[in-house]
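Okay, structure.txt is below, compact mmCIF, C-alpha atoms:
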# COMPACT_ATOMS: atom_id res chain seq x y z
CA MET B 9 -6.81 -26.85 40.84
CA ASP B 10 -6.91 -25.18 44.25
CA TRP B 11 -7.92 -26.76 47.50
CA ILE B 12 -11.36 -25.07 47.45
CA GLN B 13 -12.15 -26.99 44.27
CA ILE B 14 -10.78 -30.19 45.79
CA GLY B 15 -12.87 -29.64 48.94
CA SER B 16 -15.98 -28.96 46.84
CA ALA B 17 -15.35 -32.11 44.79
CA ILE B 18 -14.98 -34.19 47.97
CA LEU B 19 -18.20 -32.71 49.38
CA LEU B 20 -20.13 -33.40 46.17
CA GLY B 21 -18.71 -36.92 45.99
CA ALA B 22 -19.80 -37.57 49.59
CA MET B 23 -23.27 -36.23 48.75
CA LEU B 24 -23.52 -38.66 45.83
CA LEU B 25 -22.59 -41.57 48.08
CA PHE B 26 -25.05 -40.46 50.75
CA ILE B 27 -28.08 -40.03 48.51
CA PHE B 28 -27.49 -43.12 46.35
CA PRO B 29 -29.31 -45.59 48.68
CA GLY B 30 -32.23 -43.16 49.08
CA MET B 31 -32.41 -42.73 45.33
CA ARG B 32 -32.55 -46.50 44.75
CA HIS B 33 -35.26 -46.86 47.39
CA ALA B 34 -37.32 -44.03 45.92
CA VAL B 35 -37.07 -45.38 42.36
CA LYS B 36 -38.12 -48.83 43.53
CA ASN B 37 -40.90 -47.92 45.97
CA ALA B 38 -42.40 -44.57 44.95
CA PRO B 39 -45.92 -44.71 43.50
CA LYS B 40 -46.13 -44.39 39.71
CA GLY B 41 -47.69 -41.26 38.34
CA SER B 42 -50.21 -41.17 35.51
CA SER B 43 -49.58 -39.23 32.29
CA LYS B 44 -52.02 -36.63 33.61
CA ASP B 45 -49.86 -36.19 36.75
CA TRP B 46 -46.70 -35.69 34.71
CA LEU B 47 -48.43 -33.30 32.31
CA ASN B 48 -49.56 -31.31 35.32
CA TYR B 49 -45.96 -31.10 36.59
CA LEU B 50 -44.73 -30.15 33.12
CA MET B 51 -47.25 -27.29 32.89
CA ILE B 52 -46.11 -26.01 36.29
CA MET B 53 -42.47 -26.11 35.11
CA VAL B 54 -43.40 -24.19 31.94
CA VAL B 55 -44.93 -21.47 34.12
CA VAL B 56 -41.82 -21.40 36.35
CA GLY B 57 -39.61 -21.24 33.25
CA LEU B 58 -41.58 -18.32 31.79
CA PHE B 59 -41.34 -16.52 35.13
CA ILE B 60 -37.56 -16.96 35.14
CA LEU B 61 -37.37 -15.57 31.59
CA PHE B 62 -39.31 -12.58 32.88
CA LEU B 63 -36.83 -12.18 35.76
CA ILE B 64 -33.90 -12.32 33.30
CA GLN B 65 -35.49 -9.44 31.35
CA MET B 66 -35.80 -7.44 34.57
CA VAL B 67 -32.11 -7.64 35.46
CA MET I 19 -74.40 -44.07 63.48
CA ASN I 20 -71.65 -44.54 66.08
CA GLN I 21 -69.33 -45.70 63.31
CA ASN I 22 -70.07 -42.56 61.28
CA TYR I 23 -69.39 -40.42 64.34
CA SER I 24 -66.03 -42.12 65.01
CA VAL I 25 -65.01 -41.75 61.33
CA ALA I 26 -65.97 -38.07 61.41
CA THR I 27 -64.02 -37.55 64.65
CA HIS I 28 -60.96 -39.34 63.27
CA THR I 29 -61.08 -37.28 60.07
CA SER I 30 -61.35 -33.99 61.96
CA THR I 31 -58.50 -35.09 64.30
CA SER I 32 -56.18 -35.88 61.36
CA THR I 33 -57.17 -32.60 59.66
CA LEU I 34 -56.30 -30.76 62.87
CA ALA I 35 -52.96 -32.58 63.04
CA THR I 36 -52.21 -31.70 59.40
CA ASN I 37 -53.13 -28.06 59.93
CA LYS I 38 -50.93 -27.95 63.05
CA LEU I 39 -48.04 -29.51 61.12
CA ILE I 40 -48.38 -26.99 58.27
CA ARG I 41 -48.65 -24.06 60.70
CA ASN I 42 -45.60 -25.18 62.72
CA THR I 43 -43.58 -25.88 59.58
CA TYR I 44 -44.20 -22.47 58.00
CA THR I 45 -43.61 -20.68 61.30
CA LEU I 46 -40.27 -22.44 61.78
CA LEU I 47 -39.40 -21.97 58.11
CA SER I 48 -39.95 -18.22 58.26
CA MET I 49 -37.87 -17.96 61.45
CA THR I 50 -35.01 -20.01 60.01
CA LEU I 51 -35.09 -18.02 56.76
CA LEU I 52 -34.81 -14.76 58.71
CA PHE I 53 -32.00 -16.20 60.82
CA SER I 54 -30.22 -17.45 57.72
CA ALA I 55 -30.58 -14.03 56.08
CA GLY I 56 -28.98 -12.53 59.18
CA THR I 57 -26.01 -14.89 59.09
CA ALA I 58 -25.68 -14.31 55.33
CA ALA I 59 -25.49 -10.56 56.04
CA VAL I 60 -22.77 -11.30 58.62
CA GLY I 61 -20.90 -13.33 56.00
CA VAL I 62 -21.16 -10.44 53.53
CA MET I 63 -20.03 -7.79 56.04
CA MET I 64 -17.13 -9.93 57.30
CA ASN I 65 -16.08 -10.55 53.68
CA LEU I 66 -15.89 -14.25 54.51
CA SER I 67 -13.34 -16.23 52.50
CA GLN I 68 -14.39 -19.07 50.21
CA GLY I 69 -12.59 -21.53 52.47
CA MET I 70 -14.53 -20.46 55.56
CA ALA I 71 -17.79 -20.54 53.57
CA LEU I 72 -17.05 -24.07 52.35
CA GLY I 73 -16.22 -25.10 55.92
CA ALA I 74 -19.51 -23.69 57.21
CA THR I 75 -21.41 -25.51 54.45
CA VAL I 76 -19.65 -28.81 55.22
CA VAL I 77 -20.47 -28.54 58.95
CA ALA I 78 -24.10 -27.72 58.08
CA ILE I 79 -24.40 -30.75 55.79
CA VAL I 80 -22.82 -33.06 58.37
CA MET I 81 -25.32 -31.78 60.97
CA LEU I 82 -28.15 -32.26 58.48
CA TRP I 83 -27.24 -35.87 57.75
CA PHE I 84 -26.13 -37.11 61.17
CA VAL I 85 -27.45 -34.83 63.91
CA LEU I 86 -30.87 -33.62 62.73
CA PRO I 87 -32.43 -37.08 62.12
CA ARG I 88 -31.48 -38.04 65.70
CA THR I 89 -32.86 -34.86 67.28
CA ALA I 90 -35.87 -34.04 65.07
CA ASN I 91 -38.28 -35.73 67.51
CA SER I 92 -36.99 -33.84 70.54
CA ALA I 93 -36.66 -30.21 71.63
CA MET I 94 -32.98 -30.31 70.61
CA GLY I 95 -34.14 -30.36 66.99
CA ILE I 96 -34.94 -26.64 67.12
CA PRO I 97 -31.41 -25.36 67.93
CA VAL I 98 -30.00 -27.93 65.49
CA ILE I 99 -32.16 -26.65 62.61
CA PHE I 100 -31.24 -23.08 63.47
CA GLY I 101 -27.57 -24.12 63.52
CA ILE I 102 -27.88 -25.74 60.09
CA THR I 103 -29.72 -22.83 58.51
CA GLY I 104 -27.39 -20.30 60.12
CA LEU I 105 -24.30 -22.06 58.79
CA LEU I 106 -25.81 -22.40 55.31
CA GLY I 107 -26.61 -18.67 55.37
CA LEU I 108 -23.05 -17.88 56.43
CA GLY I 109 -21.79 -20.02 53.57
CA LEU I 110 -23.62 -17.79 51.09
CA GLY I 111 -21.43 -14.81 52.06
CA PRO I 112 -18.78 -14.97 49.27
CA VAL I 113 -21.42 -15.74 46.61
CA LEU I 114 -23.52 -12.76 47.67
CA ASN I 115 -20.46 -10.51 47.80
CA TYR I 116 -19.58 -11.49 44.24
CA TYR I 117 -23.05 -10.76 42.82
CA LEU I 118 -23.47 -7.58 44.87
CA ALA I 119 -20.24 -6.33 43.28
CA VAL I 120 -21.45 -7.26 39.76
CA ASN I 121 -24.97 -5.84 40.08
CA PRO I 122 -26.92 -5.59 43.36
CA SER I 123 -30.25 -5.94 41.54
CA ILE I 124 -29.30 -9.55 40.68
CA VAL I 125 -29.44 -10.48 44.37
CA MET I 126 -32.74 -8.66 44.98
CA THR I 127 -34.33 -10.12 41.84
CA ALA I 128 -33.16 -13.62 42.75
CA LEU I 129 -34.51 -13.17 46.28
CA GLY I 130 -37.88 -11.91 45.07
CA GLY I 131 -38.05 -14.53 42.33
CA THR I 132 -37.29 -17.39 44.73
CA GLY I 133 -39.92 -16.13 47.14
CA ALA I 134 -42.53 -15.81 44.41
CA ILE I 135 -41.82 -19.30 43.02
CA PHE I 136 -41.90 -20.83 46.51
CA LEU I 137 -45.15 -19.10 47.48
CA GLY I 138 -46.80 -19.97 44.16
CA LEU I 139 -45.84 -23.64 44.29
CA SER I 140 -46.76 -23.98 47.96
CA ALA I 141 -50.12 -22.31 47.41
CA TYR I 142 -50.80 -24.65 44.50
CA ALA I 143 -49.90 -27.78 46.49
CA LEU I 144 -51.86 -26.64 49.57
CA THR I 145 -55.03 -25.59 47.74
CA THR I 146 -55.27 -28.42 45.20
CA ARG I 147 -54.14 -31.06 47.75
CA LYS I 148 -52.77 -33.09 44.83
CA ASP I 149 -50.52 -36.01 45.71
CA PHE I 150 -47.05 -35.45 44.27
CA SER I 151 -45.51 -38.57 45.84
CA PHE I 152 -45.16 -40.09 42.36
CA MET I 153 -42.28 -37.64 41.79
CA ALA I 154 -40.02 -39.09 44.51
CA GLY I 155 -38.00 -41.33 42.19
CA PHE I 156 -37.68 -38.70 39.45
CA LEU I 157 -36.55 -36.02 41.92
CA MET I 158 -33.95 -38.23 43.61
CA VAL I 159 -32.51 -39.34 40.25
CA GLY I 160 -32.54 -35.74 39.06
CA LEU I 161 -30.72 -34.62 42.20
CA PHE I 162 -28.15 -37.37 41.75
CA VAL I 163 -27.54 -36.38 38.11
CA VAL I 164 -27.28 -32.69 38.97
CA ILE I 165 -24.76 -33.30 41.78
CA GLY I 166 -22.79 -35.59 39.46
CA ALA I 167 -22.79 -32.97 36.70
CA SER I 168 -21.63 -30.30 39.18
CA LEU I 169 -18.81 -32.59 40.33
CA LEU I 170 -17.79 -33.20 36.72
CA ASN I 171 -17.87 -29.50 35.92
CA ILE I 172 -15.37 -28.75 38.69
CA PHE I 173 -12.83 -30.50 36.44
CA LEU I 174 -14.25 -29.61 33.00
CA ASN I 175 -15.17 -25.98 33.79
CA ILE I 176 -17.74 -25.59 30.97
CA PRO I 177 -19.93 -22.46 31.48
CA VAL I 178 -22.87 -23.82 29.43
CA LEU I 179 -22.93 -27.00 31.53
CA SER I 180 -22.93 -24.86 34.64
CA LEU I 181 -25.98 -22.94 33.37
CA ALA I 182 -27.76 -26.16 32.40
CA VAL I 183 -27.12 -27.52 35.91
CA SER I 184 -28.58 -24.35 37.45
CA ALA I 185 -31.68 -24.62 35.25
CA ALA I 186 -32.07 -28.28 36.24
CA VAL I 187 -31.64 -27.36 39.92
CA ILE I 188 -34.51 -24.87 39.71
CA MET I 189 -36.73 -27.48 38.07
CA ILE I 190 -35.83 -30.16 40.63
CA MET I 191 -36.14 -27.86 43.64
CA SER I 192 -39.56 -26.72 42.36
CA GLY I 193 -40.50 -30.38 42.23
CA PHE I 194 -39.21 -30.89 45.77
CA ILE I 195 -41.30 -27.98 47.04
CA LEU I 196 -44.42 -29.54 45.49
CA PHE I 197 -43.47 -33.01 46.78
CA GLN I 198 -42.68 -31.90 50.33
CA THR I 199 -45.73 -29.67 50.64
CA SER I 200 -48.03 -32.41 49.37
CA SER I 201 -46.34 -34.85 51.80
CA MET I 202 -47.39 -32.60 54.69
CA VAL I 203 -50.95 -32.29 53.36
CA ASN I 204 -51.40 -36.00 52.58
CA GLY I 205 -49.71 -37.44 55.67
CA GLY I 206 -46.36 -38.55 54.22
CA GLU I 207 -44.46 -36.15 56.47
CA THR I 208 -45.44 -35.75 60.11
CA ASN I 209 -42.39 -34.04 61.62
CA TYR I 210 -42.38 -30.25 61.20
CA ILE I 211 -38.61 -29.96 61.82
CA MET I 212 -37.77 -32.37 58.99
CA ALA I 213 -40.36 -30.68 56.76
CA THR I 214 -38.76 -27.29 57.49
CA ALA I 215 -35.29 -28.65 56.69
CA GLY I 216 -36.47 -30.02 53.36
CA LEU I 217 -38.24 -26.83 52.31
CA PHE I 218 -35.33 -24.64 53.47
CA LEU I 219 -32.83 -26.62 51.39
CA SER I 220 -35.10 -26.37 48.34
CA ILE I 221 -35.35 -22.58 48.78
CA VAL I 222 -31.62 -22.04 49.30
CA ASN I 223 -30.61 -24.22 46.36
CA MET I 224 -33.18 -22.54 44.12
CA PHE I 225 -31.90 -19.09 45.21
CA GLN I 226 -28.29 -19.98 44.39
CA ALA I 227 -29.25 -21.43 41.00
CA LEU I 228 -31.32 -18.35 40.18
CA LEU I 229 -28.42 -16.08 41.20
CA HIS I 230 -26.18 -17.98 38.79
CA ILE I 231 -28.65 -17.77 35.88
CA LEU I 232 -29.43 -14.09 36.43
CA GLY I 233 -25.72 -13.34 36.82
CA ALA I 234 -24.96 -15.07 33.52
CA PHE I 235 -27.62 -13.07 31.65
CA ASN I 236 -26.89 -9.80 33.43
CA SER I 237 -27.42 -6.96 30.94
CA ASN I 238 -24.65 -4.88 32.49
CA ASP I 239 -21.96 -7.31 31.22
Could you quickly redo this structure as structure tokens?
Amino acid sequence: MDWIQIGSAILLGAMLLFIFPGMRHAVKNAPKGSSKDWLNYLMIMVVVGLFILFLIQMV
Amino acid sequence: MNQNYSVATHTSTSTLATNKLIRNTYTLLSMTLLFSAGTAAVGVMMNLSQGMALGATVVAIVMLWFVLPRTANSAMGIPVIFGITGLLGLGLGPVLNYYLAVNPSIVMTALGGTGAIFLGLSAYALTTRKDFSFMAGFLMVGLFVVIGASLLNIFLNIPVLSLAVSAAVIMIMSGFILFQTSSMVNGGETNYIMATAGLFLSIVNMFQALLHILGAFNSND
């Protein structure tokens, strides 16, 4: 393992520590979405996924 | 009647404020993206080492966490956001050099694809004015899991896991674009510098993930 990997691991570890409180706060306090909201998001992700498949074909 | 007039005035004032926020955010975002592209080009031409790129990224993240929140409400926030985006662009140098050597069309396709996804998602959030604040918890947990998986994969070095992480990053960053854009529209975000920072990070992370996926499926291999 070289020092670039060690440095990257330290950076990612620090990021985990930094976002953990924000994550807990968001999980606790964010408004709850309805099934319709989540279905809407899922449909958008399906479209994004299909677009990425199209991009893969182009390369 | 007076009450109706004051409600109408208040509504038009908040609509004006929202429109101003959106205009300022997208203006600053386009400027920072151009600046970042310039510094990325410098990183490519200088053949920046991975160590220097990592250093630039670390400095950018430190500025993002500790300097930007303190300066976002003042004029100093503008040079700070340009500093952050410039350093993040510089940090892309070695990655871009690698993919340009493999197949230059990967970089152009990833760039175009990221732009198209961003514009499509933003247009959807702006025109429908849907509230995506319900996604906050899911996105933060997803981000946490993705960073954790990336950290783990530094030690495990599993290519399939790396691809799965990139796919998850694209999904989560798409969610963040919807969330942040709807926050501007619905009043959750009122600072255009912070909004720009959030959108910029979503775009850059999505671009890198897309580069990785397209590179893995490159037909010239």
Per residue of chain B within 8 Å of chain I, which atom pair is closest and at what distance in Å (one decimal), using all atoms listed in the file, listed by chain and increasing number, as a Markdown table?
| residue | atom | partner | partner_atom | distance |
| --- | --- | --- | --- | --- |
| B:Ile12 | CA | I:Gly69 | CA | 6.3 |
| B:Gln13 | CA | I:Ile172 | CA | 6.7 |
| B:Gly15 | CA | I:Leu72 | CA | 7.8 |
| B:Ser16 | CA | I:Leu72 | CA | 7.4 |
| B:Ala17 | CA | I:Leu169 | CA | 5.7 |
| B:Leu19 | CA | I:Val76 | CA | 7.2 |
| B:Leu20 | CA | I:Leu169 | CA | 6.0 |
| B:Gly21 | CA | I:Leu169 | CA | 7.1 |
| B:Met23 | CA | I:Ile165 | CA | 7.7 |
| B:Leu24 | CA | I:Phe162 | CA | 6.3 |
| B:Ile27 | CA | I:Phe162 | CA | 7.3 |
| B:Phe28 | CA | I:Phe162 | CA | 7.4 |
| B:Gly30 | CA | I:Met158 | CA | 7.6 |
| B:Met31 | CA | I:Met158 | CA | 5.1 |
| B:Arg32 | CA | I:Gly155 | CA | 7.9 |
| B:Ala34 | CA | I:Gly155 | CA | 4.7 |
| B:Val35 | CA | I:Gly155 | CA | 4.2 |
| B:Lys36 | CA | I:Gly155 | CA | 7.6 |
| B:Ala38 | CA | I:Phe152 | CA | 5.9 |
| B:Pro39 | CA | I:Phe152 | CA | 4.8 |
| B:Lys40 | CA | I:Phe152 | CA | 5.1 |
| B:Gly41 | CA | I:Phe152 | CA | 4.9 |
| B:Tyr49 | CA | I:Gly193 | CA | 7.9 |
| B:Met53 | CA | I:Met189 | CA | 6.6 |
| B:Val56 | CA | I:Ile135 | CA | 7.0 |
| B:Ile60 | CA | I:Gly131 | CA | 7.6 |
| B:Leu63 | CA | I:Thr127 | CA | 6.9 |
| B:Ile64 | CA | I:Leu232 | CA | 5.7 |
| B:Met66 | CA | I:Thr127 | CA | 7.9 |
| B:Val67 | CA | I:Asn236 | CA | 6.0 |
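Taking atom CA of Phe100 of chain I as the reference point, atom CA of Thr33 of chain I is found at 27.9 Å.
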In Å, with one decimal, what is the gap from atom CA of Gly205 of chain I to atom CA of Phe26 of chain B? 25.3 Å
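Interatomic distance, atom CA of Leu66 of chain I against atom CA of Gly111 of chain I: 6.1 Å.
Closest approach to Val80 of chain I among I:Ile40, I:Leu217, I:Leu34, I:Leu106 is made by I:Leu106 (distances from all atoms listed in the file).
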